[in-house]
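Structure first, then comments.
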Amino acid sequence: MALPRSLLQYACSLLLFVAFSHALKFDLVAHSKGSKPNRCVRNFVAKDTLVVVTAIVSGHKGDGQQVNMHILDAVGNEYGKPRDVVGEQRTVFTSHADAAFDVCFENVLTGSGSRYAETSRHVELDIDIGADAKDWSAIQATEKLKPVETELRRIEELVAEIVTEMDYLRTREQKLRDTNESTNTRVKWFGFGTTFLLIGLWAWQILYLRAYFRSKHLI
């Protein structure tokens with residue numbers, strides 16, 4: 001027997017939530033101040049969307065390493081630049097544009113870094129966007145909602161975000177299609193113009209050579 005559509009939607013939303021709820025974990029190797037290579041994680045966000053970036057960095061201050069973060073989007077908006085991060089660092093911001101944003105880390109060796117054998121920091125990064133970035137426990141307590149009502153509210157906002165993103169993608173596809181058609185039209189008319197120009201040049205050369213040969217009484 002087929003499952004109800006609402007139940008299927010709930011199951012898909014739950015699977016998506018479980019799939020994306022795990023934090024990204026990696027080791028950040030320390031480098032000297034001259035090189036400063038960055039490790040960045042990129043994500044896309046729509047305009048006026050709540051984003052919570054949570055980073056948990058191992059180690060302690062004074063161990064010869066300094067981990068710095070930099071959150072910047074593709075159009076130049078800067079959302080945070082914490083320095084010497086140790087432990088949990090949470091950055092909350094609202095996006096200013098429909099653009100991708102980068103969360104970059106750098107691990108710089110300080111003057112006393114050579115005294116320590118361990119020259120890397122372990123980083124756990126968790127990025128929550130939109131409905132996932134909200135504190136649903138606080139919302140439930142403030143609005144006195146039941147757990148089922150809170151979960152339905154969260155799923156409703158997730159579905160609304162998906163619809164908004166699909167509308168954005170459809171609009172972007174329309175713009176790209178219009179640009180493609182405009183480019184094809186320009187290329188077509190450029191080809192026609194080049195062809196007519198070559199034909200005119202060929203005809204002018206024939207007339208010029210015939211007049212030249214006649215003036216020399218060669219024909």
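Just so we're on the same page: first chain in the structure tokens is A, next is B, and so on; residues restart at 1 for each chain, and ligands are numbered from 1 in the order they show up.
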
From a DSSP calculation on the backbone, collect every residue of segment 94-217 of chain A in strand (DSSP E) and output the set as a list in words.
-> Thr94, Ala99, Ala100, Phe101, Asp102, Val103, Cys104, Phe105, Glu106, Asn107, Val108, Leu109, Ser120, Arg121, His122, Val123, Glu124, Leu125, Asp126, Ile127, Asp128 and Ile129 of chain A

Check the DSSP output for the backbone and give back, as a PyMOL selection string, the residues of segment 128-181 of chain A in alpha helix (DSSP H).
-> chain A and resi 136-143+147-181

For segment 131-133 of chain A, list every protein, DNA or RNA residue within 8 Å, evaluated using only C-alpha atoms, and leave out those in the same chain fewer than 6 positions away; present the list as a PDB file with all heavy atoms, in the first residue's frame.
ATOM      1  N   LEU A  50      19.198  33.738   7.580  1.00  0.00           N
ATOM      2  CA  LEU A  50      19.962  33.595   8.816  1.00  0.00           C
ATOM      3  C   LEU A  50      20.973  32.456   8.676  1.00  0.00           C
ATOM      4  O   LEU A  50      20.634  31.368   8.207  1.00  0.00           O
ATOM      5  CB  LEU A  50      19.019  33.309   9.987  1.00  0.00           C
ATOM      6  CG  LEU A  50      19.668  33.102  11.360  1.00  0.00           C
ATOM      7  CD1 LEU A  50      20.352  34.381  11.832  1.00  0.00           C
ATOM      8  CD2 LEU A  50      18.628  32.633  12.372  1.00  0.00           C
ATOM      9  N   VAL A  51      22.207  32.719   9.075  1.00  0.00           N
ATOM     10  CA  VAL A  51      23.280  31.735   9.001  1.00  0.00           C
ATOM     11  C   VAL A  51      23.998  31.698  10.349  1.00  0.00           C
ATOM     12  O   VAL A  51      24.321  32.750  10.917  1.00  0.00           O
ATOM     13  CB  VAL A  51      24.291  32.065   7.878  1.00  0.00           C
ATOM     14  CG1 VAL A  51      25.399  31.016   7.827  1.00  0.00           C
ATOM     15  CG2 VAL A  51      23.587  32.154   6.532  1.00  0.00           C
ATOM     16  N   VAL A  52      24.234  30.487  10.852  1.00  0.00           N
ATOM     17  CA  VAL A  52      25.000  30.303  12.087  1.00  0.00           C
ATOM     18  C   VAL A  52      26.189  29.413  11.769  1.00  0.00           C
ATOM     19  O   VAL A  52      26.029  28.261  11.345  1.00  0.00           O
ATOM     20  CB  VAL A  52      24.140  29.674  13.200  1.00  0.00           C
ATOM     21  CG1 VAL A  52      24.983  29.434  14.445  1.00  0.00           C
ATOM     22  CG2 VAL A  52      22.957  30.563  13.533  1.00  0.00           C
ATOM     23  N   ARG A 154       9.060  23.745  11.782  1.00  0.00           N
ATOM     24  CA  ARG A 154      10.401  23.646  11.203  1.00  0.00           C
ATOM     25  C   ARG A 154      10.345  23.069   9.792  1.00  0.00           C
ATOM     26  O   ARG A 154      10.996  23.575   8.867  1.00  0.00           O
ATOM     27  CB  ARG A 154      11.282  22.777  12.091  1.00  0.00           C
ATOM     28  CG  ARG A 154      12.755  22.794  11.692  1.00  0.00           C
ATOM     29  CD  ARG A 154      13.550  21.825  12.539  1.00  0.00           C
ATOM     30  NE  ARG A 154      13.162  20.459  12.237  1.00  0.00           N
ATOM     31  CZ  ARG A 154      13.660  19.764  11.194  1.00  0.00           C
ATOM     32  NH1 ARG A 154      14.525  20.335  10.386  1.00  0.00           N
ATOM     33  NH2 ARG A 154      13.271  18.547  10.972  1.00  0.00           N
ATOM     34  N   GLU A 157       8.991  25.630   7.316  1.00  0.00           N
ATOM     35  CA  GLU A 157       9.986  26.620   6.902  1.00  0.00           C
ATOM     36  C   GLU A 157      11.015  26.007   5.961  1.00  0.00           C
ATOM     37  O   GLU A 157      11.480  26.664   5.028  1.00  0.00           O
ATOM     38  CB  GLU A 157      10.662  27.217   8.132  1.00  0.00           C
ATOM     39  CG  GLU A 157       9.741  28.071   8.981  1.00  0.00           C
ATOM     40  CD  GLU A 157      10.492  29.050   9.858  1.00  0.00           C
ATOM     41  OE1 GLU A 157      11.715  29.220   9.635  1.00  0.00           O
ATOM     42  OE2 GLU A 157       9.869  29.639  10.760  1.00  0.00           O
ATOM     43  N   LEU A 158      11.374  24.734   6.200  1.00  0.00           N
ATOM     44  CA  LEU A 158      12.303  24.063   5.290  1.00  0.00           C
ATOM     45  C   LEU A 158      11.701  23.941   3.894  1.00  0.00           C
ATOM     46  O   LEU A 158      12.376  24.184   2.885  1.00  0.00           O
ATOM     47  CB  LEU A 158      12.658  22.680   5.832  1.00  0.00           C
ATOM     48  CG  LEU A 158      13.623  22.620   7.015  1.00  0.00           C
ATOM     49  CD1 LEU A 158      13.750  21.186   7.520  1.00  0.00           C
ATOM     50  CD2 LEU A 158      14.991  23.163   6.629  1.00  0.00           C
TER      51      LEU A 158
END

Rank A:His31, A:Val53, A:Ala203, A:Leu169 by their smallest atom-to-atom distance to Pro82 of chain A, using only C-alpha atoms, and report the top residue only.
-> A:Val53

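Excluding Tyr79 of chain A itself and any same-chain residue fewer than 6 positions from it, the protein and nucleic acid residues within 7 Å of it, counting only C-alpha atoms, are Ile71, Leu72 and Phe93 of chain A.
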
Restricted to N, CA and C atoms, what would the selected residues look like written as a compact mmCIF listing (two decimals), in the first residue's frame?
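Contents of selection_28.txt, as written:
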# COMPACT_ATOMS: atom_id res chain seq x y z
N ILE A 71 35.09 35.04 7.32
CA ILE A 71 33.84 34.72 6.63
C ILE A 71 33.55 35.83 5.65
N LEU A 72 33.51 35.51 4.37
CA LEU A 72 33.38 36.50 3.31
C LEU A 72 32.57 35.90 2.18
N PHE A 93 25.01 35.65 11.43
CA PHE A 93 24.83 36.79 10.54
C PHE A 93 23.65 36.53 9.60
